[in-house]
Structures are given as C-alpha cells and as structure tokens.
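Reviewing the structure listed below.
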2 protein chains.
Amino acid sequence: MPKYVIGVDFGTESGRAVLVKVANGEELATAVYPYSHGVIDERLPILGKEIRLEQDWALQDPQDYIRVFQQTIPQVLALSGVDAADVIGVGIDFTACTMLPVKADGTPLCVLPHFRENPHAWVKLWKHHSAQPEADHINEAARQMGEPWLKRYGGKISSEWFFSKVLQILNDAPEIYQAADRLIEAADWVVWQLTGVETRNACTAGYKAIWSKREGFPSPEYFEKLHPSMKHVIQEKMSPDIRPMGEKAGGLSEQAAQWTHLKKGTAVAIANVDAHVAVPAATVTEPGRMVMIMGTSTCDMVLGDKERFVPGMCGYVEDGIIPGFFGYEAGQSCVGDHFAWFVEHCVSGAYELEAKARGVDIHKLLEEKVARLTPGESGLLALDWWNGNRSVLVDVDLTGLIIGATLATKPEEIYRALIEATAYGKRVIIETFIDNEVPIHELIACGGLPEKNKVLMQIYADVIGLPIRVNASKQTSALGSAMFGAVAAGKAAGGYESIYEAAKYMAHLKDETYIPDPENQKIYNQLYAEYLILHDYFGRGENDVMKRLKHIKAEQMKV
Amino acid sequence: MPKYVIGVDFGTESGRAVLVKVANGEELATAVYPYSHGVIDERLPILGKEIRLEQDWALQDPQDYIRVFQQTIPQVLALSGVDAADVIGVGIDFTACTMLPVKADGTPLCVLPHFRENPHAWVKLWKHHSAQPEADHINEAARQMGEPWLKRYGGKISSEWFFSKVLQILNDAPEIYQAADRLIEAADWVVWQLTGVETRNACTAGYKAIWSKREGFPSPEYFEKLHPSMKHVIQEKMSPDIRPMGEKAGGLSEQAAQWTHLKKGTAVAIANVDAHVAVPAATVTEPGRMVMIMGTSTCDMVLGDKERFVPGMCGYVEDGIIPGFFGYEAGQSCVGDHFAWFVEHCVSGAYELEAKARGVDIHKLLEEKVARLTPGESGLLALDWWNGNRSVLVDVDLTGLIIGATLATKPEEIYRALIEATAYGKRVIIETFIDNEVPIHELIACGGLPEKNKVLMQIYADVIGLPIRVNASKQTSALGSAMFGAVAAGKAAGGYESIYEAAKYMAHLKDETYIPDPENQKIYNQLYAEYLILHDYFGRGENDVMKRLKHIKAEQMKV
C-alpha cells in the first residue's frame, strides 16, 4: 500500500492541512480552517467584556490552533479516502516568532480564568509590533556588552522576535511572566499538543531567539542586564535542548489521535517555520540556489556550507533549515504589499472601468499594460522602501521614492517602476550574499506572486541576471511540512531517511524557466547603477532626509 | 457721460473682449470667440488637402484673430448697451511669442494661394516647440561670441522665442523667409490690423526677441553667424523702432471700425502680452509686490528700479511691463498641469465615486481632504519638476520626484505634497530675486487657481512666508488691456495720463489676504530646507540621474 503524510501550515489568518503521497509528493487533498478569532488586534474576544488593545498589538487564540487539527486533518482523510493507517507522519510549520506563555503541562495562561482578561496571557502573533522599546533595549544592551551574536543578525534584533516579546510581558505584566512555567513558540506548542512532549526546534530558536548550535543562548549576565528577573529565563522558562530540523518529536498522543482521526503513535516531526520549511519543498537542499518566497513581503533563503557574516541580513542558523548547512535568511518588507498599495490608491477610475469592461482584475490589466513597456522606456526609477528596508540596510525608517515623473507618466509606468524597484532590491541582497562568499547561481520562486504575475518574473530575471525557476506546489510550506513528516516517520515505516532524500522524490519545479534577456539586462544594468547611487545616498546616511521627514511627521502627529 | 474702454485678450484657444468703465474698472460685458481653427497641431485646415504637421508643431490661423474683433466687440457693445461714441480706447494683449510672416501691407503669407500649403507661412503659436535645434544653435553661437545679452535671459534662449522660430523658417522654408517682408509678433500684427499702422511693442521685443532699450537687438555679425541670410534681419524684416508700453499705436481705421462697430479714430494702445499686461491690472505699478499668474503653468513678474542680473530667470526688460521700471519675469512650467496630471492618472475610482455621490468635482473633494492635513503630517516631499524647471535652474530635462511614501500614504497626501512642491519652487524664485536685490514683500495672485483653491493659497502663504492678496478681476489680462486703452486715449479724451493713474482707479484686489500662519511656517521652514538639499543635489549636477534616465528613455524610444 502507498504511504501518506500530512503537512499542516499555520498561517496568519488560517491553518491548512495537505495530504501528500510519500512516493512522489502528489497532493491528494487540502483543507483550510480560518481561525475563529483571526488576528486579535482591537479587543479580546471575551463575551460581555470590553478589553481593548493598544496600537500595534496582534494576538491569537491558541484554541484556534487545536481547532485546525480537529477540522482539517479529518477533512483531508475524508476527501482523499486515504486510510489513517497509511498516514505515517505529520509535520507542521508556523508563522514566527509567534509565542505564548503556558503552564508546565502546556496549558496556555489565557485559558485560565485568572489570566484570561490580561492581553499578555494570549498568543503574541509575529506581527505584534508594540515591543519596539524592548527591542531597542535589547540591541543597546548587546552593543554595550559587545555581545558576539549581534553580528549573526546583521547587527539588529527585531521587535517581532522572541525576547522582545518576552521582555514586554515582563515589563508590562510581571504577574504573567511569573505565572508562566514555559515561554514557547506556538510552533513548538502545537507539536507538544500533538505528542504530549515538549520539544524546541532549531529554526525558531536560531532565527528568532538568539540561539546557535555552537554558542547556545546569550549568557545569564546578558539577560540579567535586560531585567534582573530574566537572568535565568532559559533554564526557568525555556529549554537549552534545541533539536535539529528533520528529527522526530514524538508519536501522536491518544487525545491528538481523537482530534485528528489519525492513529495513535503516528510520527510527528520537530516544528518548523512556514518560510524555512519551503526551502526543501522548493527542491533546495544544497548551497547555491536561493529560494524566494514572494508574497506581501518576501523572504529569501539560501544554504551555505561555511559560516559567513553577511552584513544586513536577517540572520543565519546552523541546521536551521537543512541539517548540515548554515541557513541564511534575508527579506524585503514590501513587495506584494507595494503593488496592492498602488492598486488601491493610485489607479484611476478609468482603468477600473476598463478592467471591469474586459472582465479582468485590475492587477491583470496592469500586468498587460506593463508587459507592453520596455525597460527604461518610462524614465522612472523607484526605491522600494514603502515599508522600510529589511535587508541589507535594516532600517524601518527608510521610505519610498520615485524619480523621473513627467506629465506624460502613466499609471502602468509607475507600476512597472515599483516592480523593478523590488527587483533591484533583490539584486542588492543577492550581490551582498555573493560578495560575502555565500554563492548563488539560480533562483527558485514560491508563493502567490510568481503564479499571478509572469511579467514580474521576467523582470526579476532580467534585472538580476540569473535564471528563475518556479516551484510546482502552490502550497509549498504545507508540502515541506509533509516532507519532514515523512523524514520523522523514517525509512522503515515507508518514509525517508533524510530531508535530502525526501526532497529528491517529493519536491518538484515547474518546467518553465525565466531566462534573462541579454538586451534587457544591458538596460537594467544601467538602471541598477542609478538605483545603487540613490540606495546609498538615501540609505547610508549621506542624506537622511527620509528620517527627518519621519521625525517631522511624528512631531506633527503629537500635536 | 461716463467713458468706457475695451480690452481684448488673445489666448491659446479663444479671444475675449471685456468692456470696462474707465472711472472705476467695472467690467460691464464680456464676449468670447473660440478660434474656428483652434490650435493647429495635426494638419493644415485646407479643404481637400492632407498636409500633416510634424511632432511639436502648433500653428494658428491669423483670420481667427480678425474674427475675434468682428465677433466680440459688437457683442460687448450690444450686451452693455454702451454707445460706441463713449468708448474712448482699445487695448489688446496676446500670447507670446506667437509670430507670423507677412507682406509689406500686413497680408499674412498663409492667406496667399502660393504659400497657403506651406506650414511655415502660418502663425507659429507660443507653444510651437519644434525649433529646439535652432534654439540650441542660437545659445551656442551666443556663448561662442560672448554675447552680453545672454545674461539678461538667465543664460538661455527658449525654443519658444522669436529668433528660434525665425531661424526655423529660414532653415526649413527659405522661400517663406525670402517672401516675408515683415516677421512680426501676432500681438503687433493685430494692432496693425486695427490701426493700419505697423508698430512694435517693447514687451514682446524685450522678453522674446532679445531687444533692450539700451542695447537694441543683437548685432548683424551675431545674426550672420546664425545664418548668412539673417545678417540684416532687423532692418529687412522687423523694425528697430520699439515703442514703450502705455503709448498709443494709432486710431481705429475705417475698416476696423466696420468690423468692431466702434468709431473710426478710437485710440488703440501699443500691443501687450497676456501675462505682463496683468501686472497693472493686479494693482502693481511699483517694485516690491510680485504678481503670480497661476494657471497650468505660472508666470511671476516683479518690477525693479535697478538693473540686476538674476541668475536663472526668464529675463527682464526695461519699460517692458511698466514704463520707468525693469520688468523681471520668472516662471514655473508645471503647476495647474501638475494637479491635473495627478487627478487624471492617480486618483482611485473610489474617490471618483465619493466625489460623484457628494456632487462635487474631484479637485474640490481632494481640496477638502488636503485641508484636513497639517504640514509635515504626510511625511512626503516632492520636487515639482514634472515638466522640467523653468526658473531658477532653467532645465527642461529635470523630472519629478516624490520621497517619503509608505504603505499608509493616501492620494490626498500626494496631492498636498505636489501643491507644497510648487510652493517651494516659488519660494526658490522669490528668494533668488531678493538675494539679487530685487526686493519682494507681498504677493498678488491672479488666474484660475487662486479662485478655485483656497487651501493652495494658504499653503503658498505658509511656505513662502509672505502675505498673498488675490486680484479682484477674473479677467485680469483683458482688464489690463482695457487700462492701456484708457491710457492710449489720454486724459483729455476722458482716459488717464499714465498706467499708474489707470491702475489707481481701475485695478482692484479682493479684501481677503492670506496671512502666513507662524506655526505652519516653522514646519515648512524645516521642509523647505530639505527641499533645497534635494533641489541642489538633483538640479545642480551632483547627481544627474534625471538626465541619465531621460537619456536611457530616449535610447529606448528609438528602438
């Protein structure tokens, strides 16, 4: 009998399960559960109580995660007609850092009546952005103490990351910090719920919680400097036992078997992160081929066999993506969002009518108009910093710029300039990796954008000058999780020995390749040279006008 | 019996007559005649013949100007019920440089069957832009010969001006050049048609034809360098006898009296230019108060009692606006056009629906939204170079820039940033005048924009830091022409002794004054400092990216 695995991908708004054939990665069934409480960013979902959240908060309800298992796994079994006995493994991936405080038995504090009305008891979602003062404090303390790990993260820890959120709990709700026996990534928490065993994965620990295989966590002295009560946070609230990707966390518990209709004891893989788990699902288990997950923002990942400090990247973690390699991560904070902003605010009613009359959506209409333009024809150039710059300048206070506008400038020209700007930004990332001895010779695209916008893909190839292939699965993360499920199950049970082997059989690319057009490349090389001049002038301190404008704006908002 | 005068304003699309009471400037009647052939920019209006024009051509039919007299003057007489015997004077103003080749008796070459099918025989309208190679040649020759007059025009002669157009005729149609007994501004030609006497006015001669009261025209040697046949162009085709503003050209001829239903012999003033004639109509006959004519582009005029070379201005002419003063002119090439571009291309369908639902036009809706914003609140800053920079950089190859965009940026914020950018551009002009000892302490606004957009006016006052008053007449140019008609008639006939006296009684401002808000000024001073840094960085050669992008674009357009 053929064997199957299930990957469960926990996104921002919903969770999705995909049932996959082990032999070839074929996706037999998919089910999605939209979280009943979604993203909690205005008030706690407590009936009869009005507990409002401050700006930049974003919480979730951990019960929603359990419901994902209860709803989606039975559904994919039913849809596919596969026998639970033939499902040999389960893997999960999660947004990160998405974390919560729990009791020693795994009970989230927010389900306890005593803590339910305290927002700090709930899950802090990755995009909970109100811990910036804590992040600033963490960075400043690290600089003062000369902490060596700061370099691994391009010199800066984000407000989204684990200890920024932990320190915010401690500062604002010390009673929650005290009551929490464990502070844990939601990724690890759901694996705990499936298996009854608490484990910690190297991916979130490495990318989000300042851990490395060789150096472990920062020292108690460092944590003490952040807050006296935090000195032993690792020993008291977390675990120094971090498990590499590809390991088995445990077998499905009796209770989880009831939730999911799977067999008790089914292998469950160590938790993973939605972006990173996509790498092997995009066929990449070796250095040289960069995976770009392209959505509202983009995440770029590449493997290296040597440890390299690459300035301005998000971070790198040994064994954090694929065991045996350093997994390097970079990102652009505004890609799909950029185009969505443009379409929402800057496209005239006339274009909307044209799209409607032709029965195409506005993105498609713009794509067609963009396709009729040639590189350089618009005379426009943009800096893609509408949401700051994540890599390589690592500066949220940078802003967007467009130059070259005339009275003849058309919306599709601006749109193309924004696409090109994100491609130039990508090229800066790639060249920075290459210059720092992390080689890249091919790009693999995943996510929503490559499916939707072929013109964009060709522009990327032309601007960057590397061939781009597109991942075959539209559910890359869930497929990756399923693959790790097959590895956790192991060869003997009908799975795979390693993620390398799983990738070889289960991951696929589309046949098409976007090849750089040499004529277009010539023009884009000229335009990229101009981009770099502006990039450095505005991004590296020669003219800090963007920051000064933000400062003036902030002063005005206070009035 | 009260006395009356008529001002006739020849615009780009139509001519308009206004009948005005001499005693107080009251406008009793207005009539407009849209030129039957409008702007001729695709093909000559000859039945049964397809004679196409090249790109950047813009011609007119001189017969349309005669029709303006025939149609509008009888109409304003009829509308007002005023007796022709009580109309003591007529003045006209025209777009410039709008010029044509004519025979010695004033017959335009284009009405002669022999030349009718040659586009160069027709009127070249001010915005006929295809003589750029000739303008380049004129400037280059002047630099080589060290011509002193180049400095008077900020170092550059425009393709729109008189000798660029003359040289184009000579280069492309030498037979037309040879056949022309006179080359003349349309302004002077229509006065000739009214009076039967050829005169030349100091305003067009000074601003458009390189003439000055003290130095006359360039030398025959200079003209010879442009083209051997041009050596004696002044003596052969024009006139060295240039008449100051405010003089009488002559009396209405028998024929013109028939056209207009006015009395033969009615005083006709020396011709004027639409922008410059607005200065006394805006109450300005002395230094220190700058008149801003604000429409699609803007024209700024200020009087000075000393001769000053002000770098980057359009030019200055002694007696060119008001006798006894140097008339300084500057301009911005993209103001109303800027906002029209934005509204046409960059305002979403949602805003259009909102405007429709509320029964207001989209400009009005945006104005309301702009009014709710405070200075600096958007974090945006723009360079107002969508159509190049006319003053003080004098560079058509500069382009528009906007900086500070984020995912939260709204259309009205961009709109406000564009308004502010034009205000910063205006402040650069004003400060350049002041720095070069042409003092300015108050601004007078005329034209369409001040009527339509009060928020814009307040932004200008706040950015510039000077009070702004608005002209009372909505037909400033026609009123100015009427005032010069009253001066041509003279005191004895019931008119005025001088334009100073005419302005005292006939020109009026509205009561309202836009006073700078000190709080807003503080913020705008900060933003203006940022504007200046970008202005100089992109505009003065530190980073010529705008030109390089234009070059790449031009290369692409060739492919």
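Scheme for the structure tokens: letters A, B, ... for chains in order shown; per-chain residue numbers from 1; ligand numbers from 1 in order shown.
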Pull out every residue of chain B that has at least one atom within 6 Å of chain A, counting only C-alpha atoms, and report them as a list in words. His345, Cys346, Val347, Ser348, Gly349, Gly376, Glu377, Gly379, Trp386, Asn387, Thr399, Gly400, Leu401, Ile402, Ile403, Gly404, Ala405, Thr406, Leu407, Met546, Leu549, Lys550, Ile552, Lys553 and Gln556 of chain B
Give me, as a VMD selection string, all polymer residues having an atom no more than 8 Å from segment 207-216 of chain A, counting only C-alpha atoms and skipping those fewer than 4 positions away in the same chain. chain A and resid 96 to 97 149 161 to 163 202 to 203 240 314 to 320
Could you please take those selected residues and save N, CA, C and O atoms as a tab-separated table (two decimals), in the first residue's frame?
```
chain	number	residue	atom	x	y	z
A	96	ALA	N	6.35	32.86	12.59
A	96	ALA	CA	7.28	33.03	13.70
A	96	ALA	C	7.84	34.45	13.65
A	96	ALA	O	7.91	35.05	12.59
A	97	CYS	N	8.23	34.96	14.77
A	97	CYS	CA	8.02	34.45	16.11
A	97	CYS	C	6.59	34.71	16.55
A	97	CYS	O	6.16	35.86	16.65
A	149	TRP	N	26.88	37.60	19.32
A	149	TRP	CA	25.79	37.09	18.50
A	149	TRP	C	25.08	38.16	17.68
A	149	TRP	O	24.39	37.86	16.71
A	161	TRP	N	10.74	39.67	17.42
A	161	TRP	CA	11.39	38.43	17.84
A	161	TRP	C	11.11	38.06	19.29
A	161	TRP	O	10.52	38.81	20.05
A	162	PHE	N	11.56	36.88	19.65
A	162	PHE	CA	11.14	36.23	20.89
A	162	PHE	C	11.41	37.06	22.15
A	162	PHE	O	10.51	37.32	22.94
A	163	PHE	N	12.65	37.49	22.33
A	163	PHE	CA	12.97	38.12	23.61
A	163	PHE	C	12.42	39.55	23.70
A	163	PHE	O	12.22	40.07	24.79
A	202	ALA	N	15.27	24.02	16.21
A	202	ALA	CA	16.44	24.88	15.96
A	202	ALA	C	16.10	26.09	15.09
A	202	ALA	O	16.78	27.11	15.15
A	203	CYS	N	15.06	25.96	14.29
A	203	CYS	CA	14.75	27.04	13.35
A	203	CYS	C	14.26	28.28	14.09
A	203	CYS	O	14.85	29.36	13.96
A	240	PRO	N	17.29	24.54	27.09
A	240	PRO	CA	18.53	24.65	26.32
A	240	PRO	C	18.66	23.49	25.33
A	240	PRO	O	19.59	23.45	24.53
A	314	CYS	N	18.98	39.03	7.73
A	314	CYS	CA	18.12	38.80	8.88
A	314	CYS	C	18.77	37.87	9.89
A	314	CYS	O	18.47	37.91	11.07
A	315	GLY	N	19.65	37.00	9.39
A	315	GLY	CA	20.30	36.09	10.31
A	315	GLY	C	20.66	34.80	9.60
A	315	GLY	O	20.28	34.57	8.45
A	316	TYR	N	21.46	33.96	10.30
A	316	TYR	CA	21.74	32.64	9.76
A	316	TYR	C	21.81	31.68	10.93
A	316	TYR	O	22.16	32.05	12.05
A	317	VAL	N	21.42	30.47	10.66
A	317	VAL	CA	21.33	29.46	11.72
A	317	VAL	C	21.89	28.15	11.18
A	317	VAL	O	21.47	27.67	10.12
A	318	GLU	N	22.82	27.57	11.92
A	318	GLU	CA	23.36	26.27	11.55
A	318	GLU	C	22.29	25.22	11.80
A	318	GLU	O	21.67	25.20	12.86
A	319	ASP	N	22.03	24.38	10.80
A	319	ASP	CA	20.98	23.36	10.87
A	319	ASP	C	19.57	23.96	10.93
A	319	ASP	O	18.60	23.24	11.17
A	320	GLY	N	19.46	25.28	10.71
A	320	GLY	CA	18.18	25.96	10.92
A	320	GLY	C	17.19	25.71	9.79
A	320	GLY	O	15.99	25.90	9.96
```
Can you tell me which residues surround Ala503 of chain B at a distance of at most 8 Å, considering only C-alpha atoms, apart from same-chain residues fewer than 4 positions away, and format the answer as an MDAnalysis selection string? chainID B and resid 280:281 283:285 483 499 507
Same residues, N, CA and C atoms, saved as a PDB file, in the first residue's frame:
```
ATOM      1  N   PRO B 280      -0.286  95.627 -14.046  1.00  0.00           N
ATOM      2  CA  PRO B 280      -1.015  96.796 -13.541  1.00  0.00           C
ATOM      3  C   PRO B 280      -2.476  96.472 -13.210  1.00  0.00           C
ATOM      4  N   ALA B 281      -3.049  95.500 -13.914  1.00  0.00           N
ATOM      5  CA  ALA B 281      -4.437  95.121 -13.614  1.00  0.00           C
ATOM      6  C   ALA B 281      -4.535  94.464 -12.243  1.00  0.00           C
ATOM      7  N   THR B 283      -2.992  95.774  -9.791  1.00  0.00           N
ATOM      8  CA  THR B 283      -2.683  96.964  -8.962  1.00  0.00           C
ATOM      9  C   THR B 283      -1.199  97.265  -8.810  1.00  0.00           C
ATOM     10  N   VAL B 284      -0.361  96.498  -9.501  1.00  0.00           N
ATOM     11  CA  VAL B 284       1.079  96.650  -9.276  1.00  0.00           C
ATOM     12  C   VAL B 284       1.702  97.568 -10.325  1.00  0.00           C
ATOM     13  N   THR B 285       2.187  98.716  -9.871  1.00  0.00           N
ATOM     14  CA  THR B 285       2.929  99.617 -10.768  1.00  0.00           C
ATOM     15  C   THR B 285       4.202 100.108 -10.087  1.00  0.00           C
ATOM     16  N   MET B 483      -7.150  98.929 -19.558  1.00  0.00           N
ATOM     17  CA  MET B 483      -6.473 100.028 -18.859  1.00  0.00           C
ATOM     18  C   MET B 483      -5.480 100.732 -19.792  1.00  0.00           C
ATOM     19  N   ILE B 499      -0.338 104.773 -16.891  1.00  0.00           N
ATOM     20  CA  ILE B 499      -0.809 103.485 -16.384  1.00  0.00           C
ATOM     21  C   ILE B 499      -0.860 103.491 -14.849  1.00  0.00           C
ATOM     22  N   ALA B 507      -7.911  99.182 -11.177  1.00  0.00           N
ATOM     23  CA  ALA B 507      -7.477  97.847 -10.709  1.00  0.00           C
ATOM     24  C   ALA B 507      -7.830  97.663  -9.240  1.00  0.00           C
TER      25      ALA B 507
END
```
If you run DSSP over the backbone, which residues in segment 181-417 of chain B end up alpha helix (DSSP H)? Put them as a ChimeraX atom specification. /B:186-195,202-208,220-226,233-237,254-260,278-281,336-346,349-358,362-371,411-417
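Our summary of the geometry notes that atom CA of Ile157 of chain A is positioned 23.3 Å from atom CA of Val279 of chain A.
Every protein, DNA or RNA residue with an atom at most 12 Å from Asn171 of chain B, where only C-alpha atoms count and chain neighbours fewer than 3 positions away do not, is listed here: B:His120, B:Ala131, B:Pro133, B:Glu134, B:His137, B:Phe163, B:Ser164, B:Lys165, B:Val166, B:Leu167, B:Gln168, B:Pro174, B:Glu175, B:Ile176, B:Tyr177, B:Gln178, B:Leu226, B:His227, B:Pro228, B:Ser229, B:Met230.
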Take the residues from that selection and write them out as a compact mmCIF listing (two decimals), in the first residue's frame, keeping N, CA, C and O atoms.
```
# COMPACT_ATOMS: atom_id res chain seq x y z
N HIS B 120 5.04 76.74 -42.82
CA HIS B 120 5.85 77.84 -42.29
C HIS B 120 5.25 79.21 -42.62
O HIS B 120 5.72 80.22 -42.11
N ALA B 131 11.37 74.09 -32.65
CA ALA B 131 12.58 74.84 -33.03
C ALA B 131 13.69 74.69 -32.00
O ALA B 131 14.54 75.58 -31.87
N PRO B 133 16.37 72.68 -32.03
CA PRO B 133 17.72 72.72 -32.62
C PRO B 133 18.16 74.16 -32.91
O PRO B 133 19.32 74.52 -32.69
N GLU B 134 17.22 74.98 -33.38
CA GLU B 134 17.54 76.38 -33.65
C GLU B 134 17.88 77.12 -32.36
O GLU B 134 18.82 77.92 -32.32
N HIS B 137 21.30 76.26 -31.32
CA HIS B 137 22.27 76.93 -32.17
C HIS B 137 22.43 78.40 -31.75
O HIS B 137 23.55 78.92 -31.64
N PHE B 163 13.48 84.42 -32.35
CA PHE B 163 14.50 84.10 -33.35
C PHE B 163 14.69 82.59 -33.53
O PHE B 163 15.18 82.16 -34.57
N SER B 164 14.29 81.80 -32.54
CA SER B 164 14.28 80.35 -32.76
C SER B 164 13.29 80.02 -33.87
O SER B 164 13.57 79.21 -34.77
N LYS B 165 12.14 80.67 -33.81
CA LYS B 165 11.12 80.42 -34.83
C LYS B 165 11.53 80.99 -36.19
O LYS B 165 11.32 80.37 -37.23
N VAL B 166 12.13 82.18 -36.17
CA VAL B 166 12.60 82.78 -37.43
C VAL B 166 13.64 81.87 -38.09
O VAL B 166 13.57 81.58 -39.30
N LEU B 167 14.58 81.42 -37.29
CA LEU B 167 15.65 80.59 -37.86
C LEU B 167 15.10 79.27 -38.40
O LEU B 167 15.58 78.75 -39.41
N GLN B 168 14.08 78.75 -37.73
CA GLN B 168 13.45 77.53 -38.24
C GLN B 168 12.82 77.77 -39.61
O GLN B 168 12.95 76.94 -40.52
N PRO B 174 13.26 78.46 -46.78
CA PRO B 174 13.91 79.74 -47.14
C PRO B 174 13.04 80.59 -48.06
O PRO B 174 13.11 81.82 -48.01
N GLU B 175 12.18 79.93 -48.84
CA GLU B 175 11.33 80.70 -49.74
C GLU B 175 10.31 81.54 -48.95
O GLU B 175 9.94 82.65 -49.39
N ILE B 176 9.88 81.03 -47.83
CA ILE B 176 8.97 81.80 -46.97
C ILE B 176 9.72 82.97 -46.35
O ILE B 176 9.25 84.11 -46.31
N TYR B 177 10.93 82.66 -45.86
CA TYR B 177 11.74 83.73 -45.26
C TYR B 177 11.95 84.84 -46.28
O TYR B 177 11.78 86.02 -45.97
N GLN B 178 12.29 84.44 -47.50
CA GLN B 178 12.55 85.44 -48.55
C GLN B 178 11.28 86.24 -48.88
O GLN B 178 11.33 87.46 -49.02
N LEU B 226 24.43 83.14 -37.14
CA LEU B 226 23.32 82.17 -37.11
C LEU B 226 23.03 81.65 -38.51
O LEU B 226 22.80 80.46 -38.71
N HIS B 227 23.02 82.58 -39.46
CA HIS B 227 22.73 82.22 -40.86
C HIS B 227 23.11 83.42 -41.72
O HIS B 227 22.69 84.55 -41.40
N PRO B 228 23.85 83.22 -42.79
CA PRO B 228 24.28 84.37 -43.61
C PRO B 228 23.11 85.25 -44.05
O PRO B 228 23.20 86.48 -44.03
N SER B 229 21.97 84.63 -44.37
CA SER B 229 20.83 85.42 -44.84
C SER B 229 20.18 86.25 -43.75
O SER B 229 19.30 87.06 -44.01
N MET B 230 20.57 85.96 -42.51
CA MET B 230 19.89 86.65 -41.40
C MET B 230 20.60 87.92 -40.97
O MET B 230 20.12 88.64 -40.09
```
